[in-house]
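A.B. asks: File upload06.pdb follows (PDB, C-alpha atoms and all ligand atoms):
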ATOM      1  CA  MET A 246      33.407 -11.204 -31.290
ATOM      2  CA  PRO A 247      30.305  -9.734 -32.915
ATOM      3  CA  GLY A 248      29.578  -6.089 -32.236
ATOM      4  CA  CYS A 249      26.338  -4.432 -31.162
ATOM      5  CA  GLU A 250      23.535  -5.108 -33.625
ATOM      6  CA  ALA A 251      22.325  -1.542 -33.282
ATOM      7  CA  CYS A 252      25.496   0.551 -33.385
ATOM      8  CA  GLY A 253      28.341  -1.861 -34.117
ATOM      9  CA  ALA A 254      30.255  -1.044 -30.927
ATOM     10  CA  GLN A 255      32.301  -3.497 -28.826
ATOM     11  CA  PRO A 256      31.817  -5.199 -26.449
ATOM     12  CA  ALA A 257      28.312  -6.567 -26.829
ATOM     13  CA  THR A 258      26.441  -9.437 -25.245
ATOM     14  CA  ALA A 259      23.401 -11.562 -26.096
ATOM     15  CA  VAL A 260      20.385 -10.360 -24.108
ATOM     16  CA  THR A 261      16.697 -11.194 -23.971
ATOM     17  CA  VAL A 262      14.251  -8.461 -23.003
ATOM     18  CA  ARG A 263      10.491  -8.915 -22.659
ATOM     19  CA  ALA A 264       7.523  -6.594 -22.648
ATOM     20  CA  HIS A 265       4.100  -7.653 -21.446
ATOM     21  CA  GLN A 266       0.695  -6.232 -22.335
ATOM     22  CA  GLY A 267      -2.504  -7.165 -20.554
ATOM     23  CA  MET A 268      -5.777  -6.622 -22.402
ATOM     24  CA  VAL A 269      -8.448  -7.817 -19.916
ATOM     25  CA  ILE A 270      -8.849 -11.340 -21.330
ATOM     26  CA  ILE A 271      -6.035 -11.673 -23.830
ATOM     27  CA  MET A 272      -2.427 -10.850 -23.207
ATOM     28  CA  ARG A 273       0.723 -10.540 -25.202
ATOM     29  CA  THR A 274       4.394 -10.854 -24.427
ATOM     30  CA  VAL A 275       6.914  -9.428 -26.863
ATOM     31  CA  THR A 276      10.369 -10.983 -26.650
ATOM     32  CA  ARG A 277      13.361  -9.273 -28.141
ATOM     33  CA  ARG A 278      16.655 -11.128 -28.406
ATOM     34  CA  GLY A 279      19.779  -9.470 -29.656
ATOM     35  CA  VAL A 280      23.478  -8.867 -29.276
ATOM     36  CA  LEU A 281      23.748  -5.388 -27.856
ATOM     37  CA  CYS A 282      26.288  -3.077 -26.268
ATOM     38  CA  ARG A 283      25.589  -1.578 -22.849
ATOM     39  CA  THR A 284      24.205   1.713 -24.183
ATOM     40  CA  CYS A 285      21.858   0.184 -26.761
ATOM     41  CA  GLY A 286      20.885  -2.711 -24.493
ATOM     42  CA  LEU A 287      19.901  -0.385 -21.646
ATOM     43  CA  ALA A 288      17.851   1.682 -24.095
ATOM     44  CA  VAL A 289      15.875  -1.439 -25.096
ATOM     45  CA  TYR A 290      15.622  -2.700 -21.510
ATOM     46  CA  ARG A 291      14.380   0.638 -20.162
ATOM     47  CA  GLN A 292      11.800   1.173 -22.890
ATOM     48  CA  MET A 293      10.348  -2.337 -22.756
ATOM     49  CA  THR A 294      10.295  -2.519 -18.949
ATOM     50  CA  SER A 295       8.705   0.892 -18.670
ATOM     51  CA  ASP A 296       6.058  -0.052 -21.251
ATOM     52  CA  THR A 297       5.340  -3.208 -19.245
ATOM     53  CA  LEU A 298       4.867  -1.216 -16.026
ATOM     54  CA  LEU A 299       2.241   0.868 -17.818
ATOM     55  CA  THR A 300       0.408  -1.710 -19.938
ATOM     56  CA  GLY A 301       1.205  -4.974 -18.192
ATOM     57  CA  TRP A 302      -1.283  -4.998 -15.322
ATOM     58  CA  TRP A 303      -4.609  -4.857 -17.105
ATOM     59  CA  GLY A 304      -5.779  -8.447 -17.017
ATOM     60  CA  LEU A 305      -6.436 -11.246 -14.556
ATOM     61  CA  PHE A 306      -3.388 -13.319 -15.512
ATOM     62  CA  SER A 307      -1.392 -10.324 -16.668
ATOM     63  CA  PHE A 308      -1.488  -8.894 -13.177
ATOM     64  CA  PHE A 309       0.560 -11.869 -11.977
ATOM     65  CA  VAL A 310       2.744 -12.175 -15.092
ATOM     66  CA  THR A 311       3.884  -8.540 -15.075
ATOM     67  CA  PRO A 312       6.071  -8.669 -11.927
ATOM     68  CA  PHE A 313       7.909 -11.698 -13.346
ATOM     69  CA  VAL A 314       8.536  -9.935 -16.661
ATOM     70  CA  VAL A 315       9.790  -6.780 -14.911
ATOM     71  CA  LEU A 316      12.029  -8.658 -12.483
ATOM     72  CA  GLY A 317      13.214 -11.011 -15.240
ATOM     73  CA  ASN A 318      14.347  -8.018 -17.297
ATOM     74  CA  ALA A 319      16.012  -6.363 -14.318
ATOM     75  CA  PHE A 320      17.914  -9.394 -13.078
ATOM     76  CA  GLY A 321      18.551 -10.850 -16.536
ATOM     77  CA  ALA A 322      19.246  -8.342 -19.306
ATOM     78  CA  ARG A 323      19.933  -5.305 -17.136
ATOM     79  CA  ALA A 324      22.368  -7.143 -14.876
ATOM     80  CA  ALA A 325      24.226  -8.611 -17.875
ATOM     81  CA  LEU A 326      24.459  -5.202 -19.573
ATOM     82  CA  HIS A 327      25.779  -3.546 -16.420
ATOM     83  CA  ARG A 328      28.616  -6.063 -16.354
ATOM     84  CA  LEU A 329      29.797  -4.806 -19.762
ATOM     85  CA  PRO A 330      32.387  -2.047 -19.976
ATOM     86  CA  GLU A 331      31.718   1.229 -21.776
ATOM     87  CA  PRO A 332      31.263   0.530 -25.528
ATOM     88  CA  TYR A 333      33.677   1.852 -28.155
ATOM     89  CA  GLY A 334      33.993   1.797 -31.934
ATOM     90  CA  ALA A 335      30.368   2.484 -32.863
ATOM     91  CA  VAL A 336      29.808   2.764 -36.611
ATOM     92  CA  ARG A 337      26.193   4.005 -36.256
ATOM     93  CA  PRO A 338      24.665   6.263 -33.594
ATOM     94  CA  PRO A 339      23.811   4.161 -30.520
ATOM     95  CA  LEU A 340      20.244   3.973 -29.203
ATOM     96  CA  HIS A 341      19.413   6.614 -26.643
ATOM     97  CA  PRO A 342      19.141   5.016 -23.169
ATOM     98  CA  GLY A 343      17.139   7.898 -21.641
ATOM     99  CA  ARG A 344      16.144   7.947 -17.997
ATOM    100  CA  ARG A 345      16.326   4.990 -15.662
ATOM    101  CA  VAL A 346      13.138   2.911 -15.377
ATOM    102  CA  LEU A 347      12.454   4.123 -11.825
ATOM    103  CA  ARG A 348      12.652   7.756 -12.933
ATOM    104  CA  ARG A 349      10.028   7.403 -15.656
ATOM    105  CA  ALA A 350       6.321   8.120 -15.264
ATOM    106  CA  PRO A 351       5.078   4.470 -15.431
ATOM    107  CA  ALA A 352       7.274   3.360 -12.526
ATOM    108  CA  MET A 353       6.238   6.393 -10.511
ATOM    109  CA  LEU A 354       2.539   5.791 -11.252
ATOM    110  CA  ILE A 355       2.819   2.190 -10.093
ATOM    111  CA  LEU A 356       5.287   2.615  -7.246
ATOM    112  CA  THR A 357       3.777   5.713  -5.645
ATOM    113  CA  PRO A 358       0.516   3.973  -4.605
ATOM    114  CA  ILE A 359       2.494   0.936  -3.425
ATOM    115  CA  ALA A 360       4.770   3.176  -1.342
ATOM    116  CA  LEU A 361       1.750   5.036   0.084
ATOM    117  CA  VAL A 362       0.069   1.796   1.111
ATOM    118  CA  ALA A 363       3.336   0.537   2.614
ATOM    119  CA  LEU A 364       3.602   3.754   4.645
ATOM    120  CA  ALA A 365      -0.094   3.948   5.535
ATOM    121  CA  ILE A 366      -0.320   0.546   7.246
ATOM    122  CA  PRO A 367       2.259   1.213  10.006
ATOM    123  CA  THR A 368       0.888   4.761  10.370
ATOM    124  CA  LEU A 369      -2.634   3.441  10.981
ATOM    125  CA  VAL A 370      -1.302   0.887  13.464
ATOM    126  CA  VAL A 371       0.547   3.612  15.392
ATOM    127  CA  VAL A 372      -2.472   5.932  15.325
ATOM    128  CA  GLY A 373      -4.663   3.045  16.512
ATOM    129  CA  LEU A 374      -2.306   2.307  19.405
ATOM    130  CA  PHE A 375      -2.275   5.899  20.597
ATOM    131  CA  SER A 376      -5.982   6.590  20.102
ATOM    132  CA  GLY A 377      -7.115   3.392  21.822
ATOM    133  CA  GLY A 378      -8.705   4.070  25.223
ATOM    134  CA  GLY A 379      -9.638   7.605  24.231
ATOM    135  CA  GLU A 380     -12.911   9.289  25.053
ATOM    136  CA  GLY A 381     -15.983   7.370  24.044
ATOM    137  CA  SER A 382     -14.191   4.064  23.644
ATOM    138  CA  VAL A 383     -13.902   3.235  27.348
ATOM    139  CA  ALA A 384     -15.578   0.021  28.474
ATOM    140  CA  LEU A 385     -17.618   0.282  31.657
ATOM    141  CA  SER A 386     -18.380  -2.209  34.408
ATOM    142  CA  ALA A 387     -21.249  -2.383  36.826
ATOM    143  CA  GLY A 388     -20.667   0.039  39.701
ATOM    144  CA  ASP A 389     -18.590   2.535  37.662
ATOM    145  CA  CYS A 390     -19.580   6.175  37.843
ATOM    146  CA  VAL A 391     -19.723   8.322  34.714
ATOM    147  CA  ARG A 392     -20.438  11.792  33.471
ATOM    148  CA  ASN A 393     -22.200  12.403  30.157
ATOM    149  CA  GLU A 394     -20.470  15.232  28.324
ATOM    150  CA  ALA A 395     -23.199  15.294  25.675
ATOM    151  CA  ASP A 396     -26.974  15.723  26.018
ATOM    152  CA  TRP A 397     -29.107  12.591  26.152
ATOM    153  CA  PRO A 398     -29.833  10.623  24.028
ATOM    154  CA  GLU A 399     -26.283  11.441  22.775
ATOM    155  CA  GLN A 400     -23.689   9.637  24.836
ATOM    156  CA  GLN A 401     -20.159  10.812  25.360
ATOM    157  CA  LEU A 402     -19.408   9.163  28.648
ATOM    158  CA  ARG A 403     -16.366   9.777  30.753
ATOM    159  CA  LYS A 404     -15.498   7.505  33.655
ATOM    160  CA  VAL A 405     -15.053   9.447  36.903
ATOM    161  CA  GLY A 406     -14.608   8.499  40.552
ATOM    162  CA  CYS A 407     -17.911   7.863  42.362
ATOM    163  CA  GLY A 408     -16.877  10.296  45.128
ATOM    164  CA  SER A 409     -16.170  13.039  42.584
ATOM    165  CA  PRO A 410     -18.590  15.965  42.248
ATOM    166  CA  LEU A 411     -18.440  15.323  38.474
ATOM    167  CA  ALA A 412     -20.122  11.904  38.832
ATOM    168  CA  GLU A 413     -23.667  11.996  37.413
ATOM    169  CA  TYR A 414     -24.621   8.340  36.835
ATOM    170  CA  ARG A 415     -23.796   4.904  38.143
ATOM    171  CA  VAL A 416     -23.592   1.822  35.871
ATOM    172  CA  LEU A 417     -26.135  -0.822  36.917
ATOM    173  CA  GLU A 418     -26.013  -4.596  36.887
ATOM    174  CA  GLU A 419     -27.353  -6.129  33.706
ATOM    175  CA  ALA A 420     -31.146  -6.360  33.298
ATOM    176  CA  SER A 421     -31.923  -3.997  36.150
ATOM    177  CA  CYS A 422     -32.945  -0.901  34.176
ATOM    178  CA  GLY A 423     -35.573   1.272  35.820
ATOM    179  CA  PRO A 424     -37.880   3.892  34.237
ATOM    180  CA  ARG A 425     -35.463   6.755  35.094
ATOM    181  CA  ASP A 426     -32.406   4.927  33.761
ATOM    182  CA  TYR A 427     -30.641   5.291  30.441
ATOM    183  CA  LEU A 428     -29.599   2.395  28.222
ATOM    184  CA  LEU A 429     -25.849   2.404  27.521
ATOM    185  CA  ARG A 430     -24.648   2.372  23.936
ATOM    186  CA  ALA A 431     -22.992  -0.917  22.972
ATOM    187  CA  GLU A 432     -19.492   0.551  22.669
ATOM    188  CA  TYR A 433     -19.461   1.185  26.444
ATOM    189  CA  THR A 434     -20.301  -2.394  27.363
ATOM    190  CA  ILE A 435     -18.062  -4.330  24.938
ATOM    191  CA  GLY A 436     -14.938  -5.888  26.377
ATOM    192  CA  ALA A 437     -15.604  -4.748  29.925
ATOM    193  CA  PRO A 438     -14.049  -6.905  32.628
ATOM    194  CA  GLY A 439     -16.664  -8.881  34.529
ATOM    195  CA  ARG A 440     -20.352  -8.491  33.824
ATOM    196  CA  PRO A 441     -21.022  -5.175  32.114
ATOM    197  CA  GLY A 442     -23.910  -3.012  33.156
ATOM    198  CA  SER A 443     -26.301  -2.106  30.379
ATOM    199  CA  CYS A 444     -27.921   0.927  32.059
ATOM    200  CA  VAL A 445     -26.891   3.969  34.040
ATOM    201  CA  THR A 446     -28.995   5.452  36.836
ATOM    202  CA  PRO A 447     -28.808   9.101  37.978
ATOM    203  CA  LEU A 448     -26.993   9.556  41.247
TER     204      LEU A 448
HETATM  205 ZN    ZN B   1      25.126  -0.348 -29.378
END
Translate the structure of the given file into structure tokens.

C.D. replies:
Amino acid sequence: MPGCEACGAQPATAVTVRAHQGMVIIMRTVTRRGVLCRTCGLAVYRQMTSDTLLTGWWGLFSFFVTPFVVLGNAFGARAALHRLPEPYGAVRPPLHPGRRVLRRAPAMLILTPIALVALAIPTLVVVGLFSGGGEGSVALSAGDCVRNEADWPEQQLRKVGCGSPLAEYRVLEEASCGPRDYLLRAEYTIGAPGRPGSCVTPL
């Protein structure tokens, strides 16, 4: 059985590792094939995959090629190397494997924004659910009574009971605005059940 091409240790296996570079229009994939022990093979795999995570994305086609190169390395070469036992009998110093791909700067630079986006989407959904129906977003119907917590023409309307001493205005039927009435802002008339009033009249 042939030993590792880099250090001469046993056991070694044939692996193929790729690195991809995107350069806006052109792109380049470097393929390295060799018989390597686990230590040397992981060193090559980690370096080339990490380089790809940094330089692979910068092109229209490259953007789509890069994930395949990274996953191909991980499930191909890396998986095969991990199946090998610890090497022995090196006649030259083995290559230095260094840190795992995920613990290097390129992976962190790429994965941190992805993780933030993945976390932000459910957070926004939850915030949206709990803030829905808050002040200022309430839809009004004709006949509702409201109080304006701002000064006209600002509108910060709160729906209150018509018998309440807080009630200041009543929402009118559509197209029945008088000279003393105020036109409602659109956000108060969207999605209201029934026919929304478009004006409020002082009580
Ligand atoms: Zn080796």

A.B. asks: Which of these residues is nearest to Ala288 in chain A, using all atoms listed in the file: A:Gly408, A:Ser421, A:Arg403, A:Ala251?

C.D. replies: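 Ranked by minimum distance to Ala288 in chain A, first place goes to A:Ala251.
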
A.B. asks: Mind pulling up the distance from CA of Ser376 in chain A to CA of Leu429 in chain A?

C.D. replies: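 So the two atoms, CA of Leu429 in chain A and CA of Ser376 in chain A, lie 21.6 Å apart.
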
A.B. asks: Which one is closest to Glu399 in chain A: A:Leu428, A:Leu369, A:Ala384, A:Ala412? Count all atoms listed in the file.

C.D. replies: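 For Glu399 in chain A, the nearest of the given residues is A:Leu428.
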
A.B. asks: Counting all atoms listed in the file, which protein, DNA or RNA residues come within 10 Å of ligand ZN 1 (chain B), given as a list in words?

C.D. replies: Gly248, Cys249, Glu250, Ala251, Cys252, Gly253, Ala254, Gln255, Pro256, Ala257, Val280, Leu281, Cys282, Arg283, Thr284, Cys285, Gly286, Leu287, Ala288, Pro332, Tyr333, Gly334, Ala335, Val336, Arg337, Pro338, Pro339, Leu340 and His341 of chain A

A.B. asks: Evaluate the PyMOL selection byres (((chain A and resi 313-323) around 8) and not hetatm) here and jot the selected residues down as a list of chain:residue names.

C.D. replies: A:Val260, A:Thr261, A:Val262, A:Arg263, A:Ala264, A:His265, A:Gly286, A:Leu287, A:Tyr290, A:Thr294, A:Thr297, A:Leu298, A:Phe309, A:Val310, A:Thr311, A:Pro312, A:Ala324, A:Ala325, A:Leu326, A:His327

A.B. asks: What's the 7 Å shell around Gly388 in chain A, counting all atoms listed in the file, without same-chain residues fewer than 6 positions away, as a PyMOL selection string?

C.D. replies: chain A and resi 415-417

A.B. asks: Give me the result of the PyMOL selection byres (((chain A and resi 354-364) around 12) and not hetatm) on this file, residue by residue, as an MDAnalysis selection string.

C.D. replies: chainID A and resid 295:302 311:312 346:353 365:371

A.B. asks: What is the CA of Ile270 in chain A-CA of Val289 in chain A distance in Å, reported with one decimal?

C.D. replies: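 Going from CA of Ile270 in chain A over to CA of Val289 in chain A covers 26.9 Å.
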
A.B. asks: To one decimal place, how far is CA of Pro342 in chain A from CA of Pro247 in chain A in Å?

C.D. replies: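 Pair CA of Pro342 in chain A / CA of Pro247 in chain A returns 20.9 Å.
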
A.B. asks: Evaluate the PyMOL selection byres (((chain A and resi 402) around 10) and not hetatm) against this structure - the residues, as a VMD selection string, please.

C.D. replies: chain A and resid 380 to 385 390 to 395 399 to 401 403 to 405 414 429 to 430 433

A.B. asks: Restricting the calculation to only C-alpha atoms, which member of A:Ser386, A:Ser307, A:Gln292, A:Gln266 is positioned closest to Glu418 in chain A?

C.D. replies: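 Of A:Ser386, A:Ser307, A:Gln292, A:Gln266, the one nearest Glu418 in chain A, counting only C-alpha atoms, is A:Ser386.
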
A.B. asks: Quick one: of A:Met293, A:Leu305, A:Ile271, A:Cys407, who's nearest to Asp389 in chain A, counting all atoms listed in the file?

C.D. replies: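 Distance minimum relative to Asp389 in chain A lands on A:Cys407.
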
A.B. asks: Looking at all atoms listed in the file, which of A:Asp426, A:Arg344, A:Ala259, A:Gly373 is the one that sits closest to Leu329 in chain A?

C.D. replies: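 Among the listed residues, the smallest separation from Leu329 in chain A belongs to A:Ala259.
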
A.B. asks: Counting only C-alpha atoms, what is within 9 Å of Tyr427 in chain A, bar same-chain residues fewer than 3 positions away, as a VMD selection string?

C.D. replies: chain A and resid 397 to 398 422 to 424 443 to 447

A.B. asks: Would you please work out which residue, of A:Thr258, A:Phe306, A:Met246, A:Leu374, is nearest to Pro330 in chain A when using all atoms listed in the file?

C.D. replies: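 Of all the options, A:Thr258 lies closest to Pro330 in chain A.
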